Structures are given as structure tokens and as C-alpha cells.
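Peer 1: For reference, this is structure.pdb, and it has PDB, N, CA and C atoms.
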```pdb
ATOM      1  N   MET A   1      -8.478 -15.018   3.468
ATOM      2  CA  MET A   1      -8.020 -13.651   3.301
ATOM      3  C   MET A   1      -8.952 -12.968   2.296
ATOM      4  N   ASP A   2      -9.915 -12.216   2.794
ATOM      5  CA  ASP A   2     -10.921 -11.597   1.935
ATOM      6  C   ASP A   2     -10.517 -10.232   1.404
ATOM      7  N   CYS A   3      -9.687  -9.535   2.120
ATOM      8  CA  CYS A   3      -9.330  -8.166   1.755
ATOM      9  C   CYS A   3      -8.410  -8.164   0.530
ATOM     10  N   LEU A   4      -8.811  -7.459  -0.513
ATOM     11  CA  LEU A   4      -8.025  -7.400  -1.747
ATOM     12  C   LEU A   4      -6.641  -6.800  -1.507
ATOM     13  N   ILE A   5      -6.574  -5.787  -0.680
ATOM     14  CA  ILE A   5      -5.280  -5.168  -0.391
ATOM     15  C   ILE A   5      -4.379  -6.152   0.352
ATOM     16  N   CYS A   6      -4.933  -6.899   1.303
ATOM     17  CA  CYS A   6      -4.141  -7.909   2.010
ATOM     18  C   CYS A   6      -3.654  -8.984   1.044
ATOM     19  N   GLN A   7      -4.461  -9.335   0.055
ATOM     20  CA  GLN A   7      -4.040 -10.299  -0.964
ATOM     21  C   GLN A   7      -2.870  -9.747  -1.771
ATOM     22  N   ARG A   8      -2.941  -8.480  -2.118
ATOM     23  CA  ARG A   8      -1.844  -7.844  -2.867
ATOM     24  C   ARG A   8      -0.562  -7.806  -2.044
ATOM     25  N   LEU A   9      -0.708  -7.504  -0.758
ATOM     26  CA  LEU A   9       0.463  -7.472   0.116
ATOM     27  C   LEU A   9       1.066  -8.864   0.278
ATOM     28  N   ALA A  10       0.217  -9.882   0.385
ATOM     29  CA  ALA A  10       0.712 -11.260   0.487
ATOM     30  C   ALA A  10       1.491 -11.634  -0.769
ATOM     31  N   ALA A  11       0.980 -11.245  -1.935
ATOM     32  CA  ALA A  11       1.684 -11.517  -3.194
ATOM     33  C   ALA A  11       3.029 -10.799  -3.212
ATOM     34  N   TRP A  12       3.072  -9.567  -2.710
ATOM     35  CA  TRP A  12       4.330  -8.819  -2.648
ATOM     36  C   TRP A  12       5.317  -9.520  -1.723
ATOM     37  N   ARG A  13       4.846  -9.979  -0.566
ATOM     38  CA  ARG A  13       5.733 -10.665   0.383
ATOM     39  C   ARG A  13       6.301 -11.952  -0.211
ATOM     40  N   GLN A  14       5.538 -12.580  -1.104
ATOM     41  CA  GLN A  14       5.986 -13.817  -1.762
ATOM     42  C   GLN A  14       6.816 -13.516  -3.011
ATOM     43  N   GLY A  15       6.958 -12.240  -3.341
ATOM     44  CA  GLY A  15       7.747 -11.851  -4.505
ATOM     45  C   GLY A  15       7.019 -11.991  -5.821
ATOM     46  N   SER A  16       5.678 -12.037  -5.771
ATOM     47  CA  SER A  16       4.917 -12.240  -7.011
ATOM     48  C   SER A  16       3.982 -11.081  -7.352
ATOM     49  N   ASN A  17       4.310  -9.877  -6.901
ATOM     50  CA  ASN A  17       3.516  -8.705  -7.248
ATOM     51  C   ASN A  17       4.393  -7.759  -8.070
ATOM     52  N   PRO A  18       4.279  -7.818  -9.406
ATOM     53  CA  PRO A  18       5.154  -7.016 -10.266
ATOM     54  C   PRO A  18       4.777  -5.537 -10.333
ATOM     55  N   TYR A  19       3.722  -5.125  -9.647
ATOM     56  CA  TYR A  19       3.235  -3.755  -9.761
ATOM     57  C   TYR A  19       3.801  -2.804  -8.715
ATOM     58  N   VAL A  20       4.645  -3.306  -7.826
ATOM     59  CA  VAL A  20       5.230  -2.460  -6.783
ATOM     60  C   VAL A  20       6.294  -1.551  -7.397
ATOM     61  N   ILE A  21       6.128  -0.260  -7.186
ATOM     62  CA  ILE A  21       7.086   0.733  -7.675
ATOM     63  C   ILE A  21       8.152   0.989  -6.618
ATOM     64  N   CYS A  22       7.694   1.114  -5.366
ATOM     65  CA  CYS A  22       8.610   1.493  -4.295
ATOM     66  C   CYS A  22       8.076   0.981  -2.962
ATOM     67  N   GLU A  23       8.977   0.459  -2.128
ATOM     68  CA  GLU A  23       8.611   0.065  -0.773
ATOM     69  C   GLU A  23       9.065   1.152   0.187
ATOM     70  N   LEU A  24       8.158   1.582   1.050
ATOM     71  CA  LEU A  24       8.469   2.557   2.088
ATOM     72  C   LEU A  24       8.319   1.869   3.445
ATOM     73  N   GLU A  25       8.609   2.561   4.524
ATOM     74  CA  GLU A  25       8.571   1.936   5.845
ATOM     75  C   GLU A  25       7.199   1.348   6.174
ATOM     76  N   HIS A  26       6.140   2.103   5.947
ATOM     77  CA  HIS A  26       4.794   1.664   6.319
ATOM     78  C   HIS A  26       3.884   1.387   5.135
ATOM     79  N   SER A  27       4.366   1.568   3.925
ATOM     80  CA  SER A  27       3.484   1.449   2.765
ATOM     81  C   SER A  27       4.234   0.997   1.521
ATOM     82  N   LEU A  28       3.440   0.678   0.496
ATOM     83  CA  LEU A  28       3.967   0.355  -0.829
ATOM     84  C   LEU A  28       3.339   1.316  -1.819
ATOM     85  N   PHE A  29       4.119   1.779  -2.756
ATOM     86  CA  PHE A  29       3.631   2.613  -3.853
ATOM     87  C   PHE A  29       3.508   1.677  -5.047
ATOM     88  N   VAL A  30       2.302   1.522  -5.597
ATOM     89  CA  VAL A  30       2.054   0.528  -6.646
ATOM     90  C   VAL A  30       1.326   1.134  -7.839
ATOM     91  N   VAL A  31       1.508   0.504  -8.990
ATOM     92  CA  VAL A  31       0.766   0.870 -10.194
ATOM     93  C   VAL A  31      -0.667   0.379 -10.008
ATOM     94  N   GLY A  32      -1.648   1.209 -10.328
ATOM     95  CA  GLY A  32      -3.043   0.816 -10.227
ATOM     96  C   GLY A  32      -3.414  -0.220 -11.273
ATOM     97  N   ASP A  33      -4.363  -1.084 -10.938
ATOM     98  CA  ASP A  33      -4.808  -2.146 -11.852
ATOM     99  C   ASP A  33      -5.404  -1.595 -13.134
ATOM    100  N   HIS A  34      -6.217  -0.592 -12.995
ATOM    101  CA  HIS A  34      -6.934  -0.048 -14.146
ATOM    102  C   HIS A  34      -6.325   1.297 -14.517
ATOM    103  N   GLN A  35      -5.754   1.390 -15.684
ATOM    104  CA  GLN A  35      -5.036   2.579 -16.127
ATOM    105  C   GLN A  35      -5.907   3.453 -17.031
ATOM    106  N   PHE A  36      -7.115   3.809 -16.552
ATOM    107  CA  PHE A  36      -7.966   4.722 -17.307
ATOM    108  C   PHE A  36      -7.211   6.025 -17.526
ATOM    109  N   HIS A  37      -6.533   6.474 -16.457
ATOM    110  CA  HIS A  37      -5.630   7.628 -16.546
ATOM    111  C   HIS A  37      -4.213   7.084 -16.453
ATOM    112  N   ARG A  38      -3.435   7.262 -17.506
ATOM    113  CA  ARG A  38      -2.078   6.731 -17.560
ATOM    114  C   ARG A  38      -1.261   7.170 -16.345
ATOM    115  N   GLY A  39      -0.621   6.221 -15.710
ATOM    116  CA  GLY A  39       0.198   6.506 -14.544
ATOM    117  C   GLY A  39      -0.539   6.406 -13.225
ATOM    118  N   TYR A  40      -1.824   6.028 -13.261
ATOM    119  CA  TYR A  40      -2.613   5.898 -12.030
ATOM    120  C   TYR A  40      -1.888   4.972 -11.059
ATOM    121  N   SER A  41      -1.722   5.415  -9.837
ATOM    122  CA  SER A  41      -1.012   4.616  -8.844
ATOM    123  C   SER A  41      -1.672   4.772  -7.478
ATOM    124  N   LEU A  42      -1.288   3.891  -6.565
ATOM    125  CA  LEU A  42      -1.888   3.836  -5.237
ATOM    126  C   LEU A  42      -0.810   3.704  -4.174
ATOM    127  N   VAL A  43      -1.138   4.109  -2.971
ATOM    128  CA  VAL A  43      -0.304   3.841  -1.810
ATOM    129  C   VAL A  43      -1.066   2.828  -0.969
ATOM    130  N   LEU A  44      -0.456   1.658  -0.740
ATOM    131  CA  LEU A  44      -1.072   0.610   0.071
ATOM    132  C   LEU A  44      -0.365   0.560   1.417
ATOM    133  N   PHE A  45      -1.127   0.673   2.483
ATOM    134  CA  PHE A  45      -0.550   0.607   3.815
ATOM    135  C   PHE A  45      -0.272  -0.853   4.150
ATOM    136  N   LYS A  46       0.872  -1.160   4.715
ATOM    137  CA  LYS A  46       1.266  -2.546   4.990
ATOM    138  C   LYS A  46       0.448  -3.195   6.101
ATOM    139  N   GLN A  47      -0.110  -2.403   6.990
ATOM    140  CA  GLN A  47      -0.906  -2.906   8.101
ATOM    141  C   GLN A  47      -2.376  -2.836   7.715
ATOM    142  N   HIS A  48      -3.157  -3.880   8.042
ATOM    143  CA  HIS A  48      -4.574  -3.873   7.684
ATOM    144  C   HIS A  48      -5.348  -2.945   8.623
ATOM    145  N   VAL A  49      -5.838  -1.862   8.083
ATOM    146  CA  VAL A  49      -6.738  -0.953   8.795
ATOM    147  C   VAL A  49      -7.788  -0.486   7.804
ATOM    148  N   ARG A  50      -8.969  -0.189   8.300
ATOM    149  CA  ARG A  50     -10.031   0.293   7.423
ATOM    150  C   ARG A  50      -9.996   1.806   7.285
ATOM    151  N   GLU A  51      -9.595   2.481   8.343
ATOM    152  CA  GLU A  51      -9.594   3.944   8.365
ATOM    153  C   GLU A  51      -8.269   4.443   8.938
ATOM    154  N   LEU A  52      -7.794   5.559   8.435
ATOM    155  CA  LEU A  52      -6.520   6.102   8.913
ATOM    156  C   LEU A  52      -6.545   6.456  10.395
ATOM    157  N   HIS A  53      -7.714   6.814  10.918
ATOM    158  CA  HIS A  53      -7.774   7.176  12.336
ATOM    159  C   HIS A  53      -7.544   5.973  13.250
ATOM    160  N   GLU A  54      -7.545   4.752  12.701
ATOM    161  CA  GLU A  54      -7.253   3.560  13.491
ATOM    162  C   GLU A  54      -5.758   3.438  13.802
ATOM    163  N   LEU A  55      -4.937   4.201  13.117
ATOM    164  CA  LEU A  55      -3.495   4.173  13.340
ATOM    165  C   LEU A  55      -3.119   5.071  14.507
ATOM    166  N   SER A  56      -2.033   4.731  15.167
ATOM    167  CA  SER A  56      -1.546   5.607  16.232
ATOM    168  C   SER A  56      -1.087   6.927  15.613
ATOM    169  N   ALA A  57      -1.048   7.960  16.424
ATOM    170  CA  ALA A  57      -0.620   9.274  15.934
ATOM    171  C   ALA A  57       0.807   9.215  15.392
ATOM    172  N   ALA A  58       1.668   8.443  16.039
ATOM    173  CA  ALA A  58       3.059   8.336  15.591
ATOM    174  C   ALA A  58       3.144   7.692  14.211
ATOM    175  N   VAL A  59       2.366   6.636  13.983
ATOM    176  CA  VAL A  59       2.382   5.962  12.680
ATOM    177  C   VAL A  59       1.771   6.864  11.614
ATOM    178  N   GLN A  60       0.703   7.584  11.949
ATOM    179  CA  GLN A  60       0.105   8.522  10.990
ATOM    180  C   GLN A  60       1.137   9.555  10.544
ATOM    181  N   THR A  61       1.848  10.117  11.496
ATOM    182  CA  THR A  61       2.854  11.131  11.179
ATOM    183  C   THR A  61       3.935  10.558  10.278
ATOM    184  N   THR A  62       4.437   9.389  10.624
ATOM    185  CA  THR A  62       5.479   8.746   9.820
ATOM    186  C   THR A  62       4.971   8.435   8.425
ATOM    187  N   LEU A  63       3.761   7.913   8.328
ATOM    188  CA  LEU A  63       3.176   7.547   7.033
ATOM    189  C   LEU A  63       3.107   8.753   6.104
ATOM    190  N   PHE A  64       2.646   9.873   6.617
ATOM    191  CA  PHE A  64       2.481  11.058   5.776
ATOM    192  C   PHE A  64       3.797  11.778   5.475
ATOM    193  N   GLN A  65       4.868  11.378   6.149
ATOM    194  CA  GLN A  65       6.172  11.979   5.882
ATOM    195  C   GLN A  65       7.083  11.066   5.073
ATOM    196  N   GLU A  66       6.611   9.867   4.714
ATOM    197  CA  GLU A  66       7.445   8.936   3.949
ATOM    198  C   GLU A  66       7.801   9.522   2.593
ATOM    199  N   LYS A  67       9.032   9.272   2.167
ATOM    200  CA  LYS A  67       9.506   9.754   0.865
ATOM    201  C   LYS A  67      10.134   8.610   0.117
TER     202      LYS A  67
END
```
Do you think you could lay out the structure here as C-alpha cells?
Peer 2:
Amino acid sequence: MDCLICQRLAAWRQGSNPYVICELEHSLFVVGDHQFHRGYSLVLFKQHVRELHELSAAVQTTLFQEK
């Protein structure tokens, strides 16, 4: 498993990723590793894709509407 994001997701699935703020249907909202700017956070997509255009239109719509 070479992808850093996939490694983070695997840790979350095993219950060993303490940086997850919120789980959404298609993504995780997480605290960023490097806090140069306090509160820096990321959205990690649960499915491995390199580019957003690789997702179906339905998943793209759902992803951008997650709350």
C-alpha cells in the first residue's frame, strides 16, 4: 500500500487514526499533519482516485453536498 491517503484510511478502519474529526458518506474530515496554520484540515475521499473527474457524476454531486 504505497498511497499515503490509503494508509491513513486503513488506520482509520482499524480504529488507530486519532486525527479524524468527522466521517461523512464518501469522505473523512481530518486534522492535517502539519499545523503551520492552526486548524489546518483535509477532506480525504474514502475511495482511491487520483483525480475528481474519475468519479461518477452522482458520486461527485454527493461528495460536494456532504455536510
Peer 1: So which residues get picked by the PyMOL selection byres (((chain A and resi 37-50 and name CA) around 10) and name CA) here, written as a VMD selection string?
Peer 2: chain A and resid 3 5 to 6 8 to 10 19 to 36 51 to 55 63
Peer 1: What is the atom CA of A:Arg13-atom CA of A:Glu66 distance in Å, reported with one decimal?
Peer 2: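 Distance between the two atoms: 20.0 Å.
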Peer 1: Enumerate the residues of chain A with a DSSP assignment of strand (DSSP E), computed from the backbone, and present them as a ChimeraX atom specification.
Peer 2: /A:20-23,27-31,41-45
Peer 1: Each side padded by 3 Å, which centre and which edge lengths in Å (one decimal) define the axis-aligned box around the listed atoms of stretch 46-63 of chain A? Give them as lines of an AutoDock Vina configuration file.
Peer 2:
```
center_x = -2.3
center_y = 3.6
center_z = 10.6
size_x = 21.5
size_y = 21.0
size_z = 17.7
```
Peer 1: Grab the atom CA of A:Phe64 to atom CA of A:Gly15 distance for me, in Å with one decimal place.
Peer 2: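 Separation of atom CA of A:Phe64 and atom CA of A:Gly15: 25.7 Å.
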Peer 1: Would you work out the distance separating atom N of A:Asn17 from atom CA of A:Leu4, expressed in Å to one decimal?
Peer 2: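 Atom CA of A:Leu4 lies 13.6 Å from atom N of A:Asn17.
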Peer 1: Pull the helix (DSSP H, G or I) assignments for chain A out of DSSP run on the backbone, and list those residues as a list in words.
Peer 2: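 Restricting chain A to helix (DSSP H, G or I) produces Leu4, Ile5, Cys6, Gln7, Arg8, Leu9, Ala10, Ala11, Trp12, Arg13, Leu52, His53, Glu54, Ala57, Ala58, Val59, Gln60, Thr61, Thr62, Leu63, Phe64 and Gln65 of chain A.
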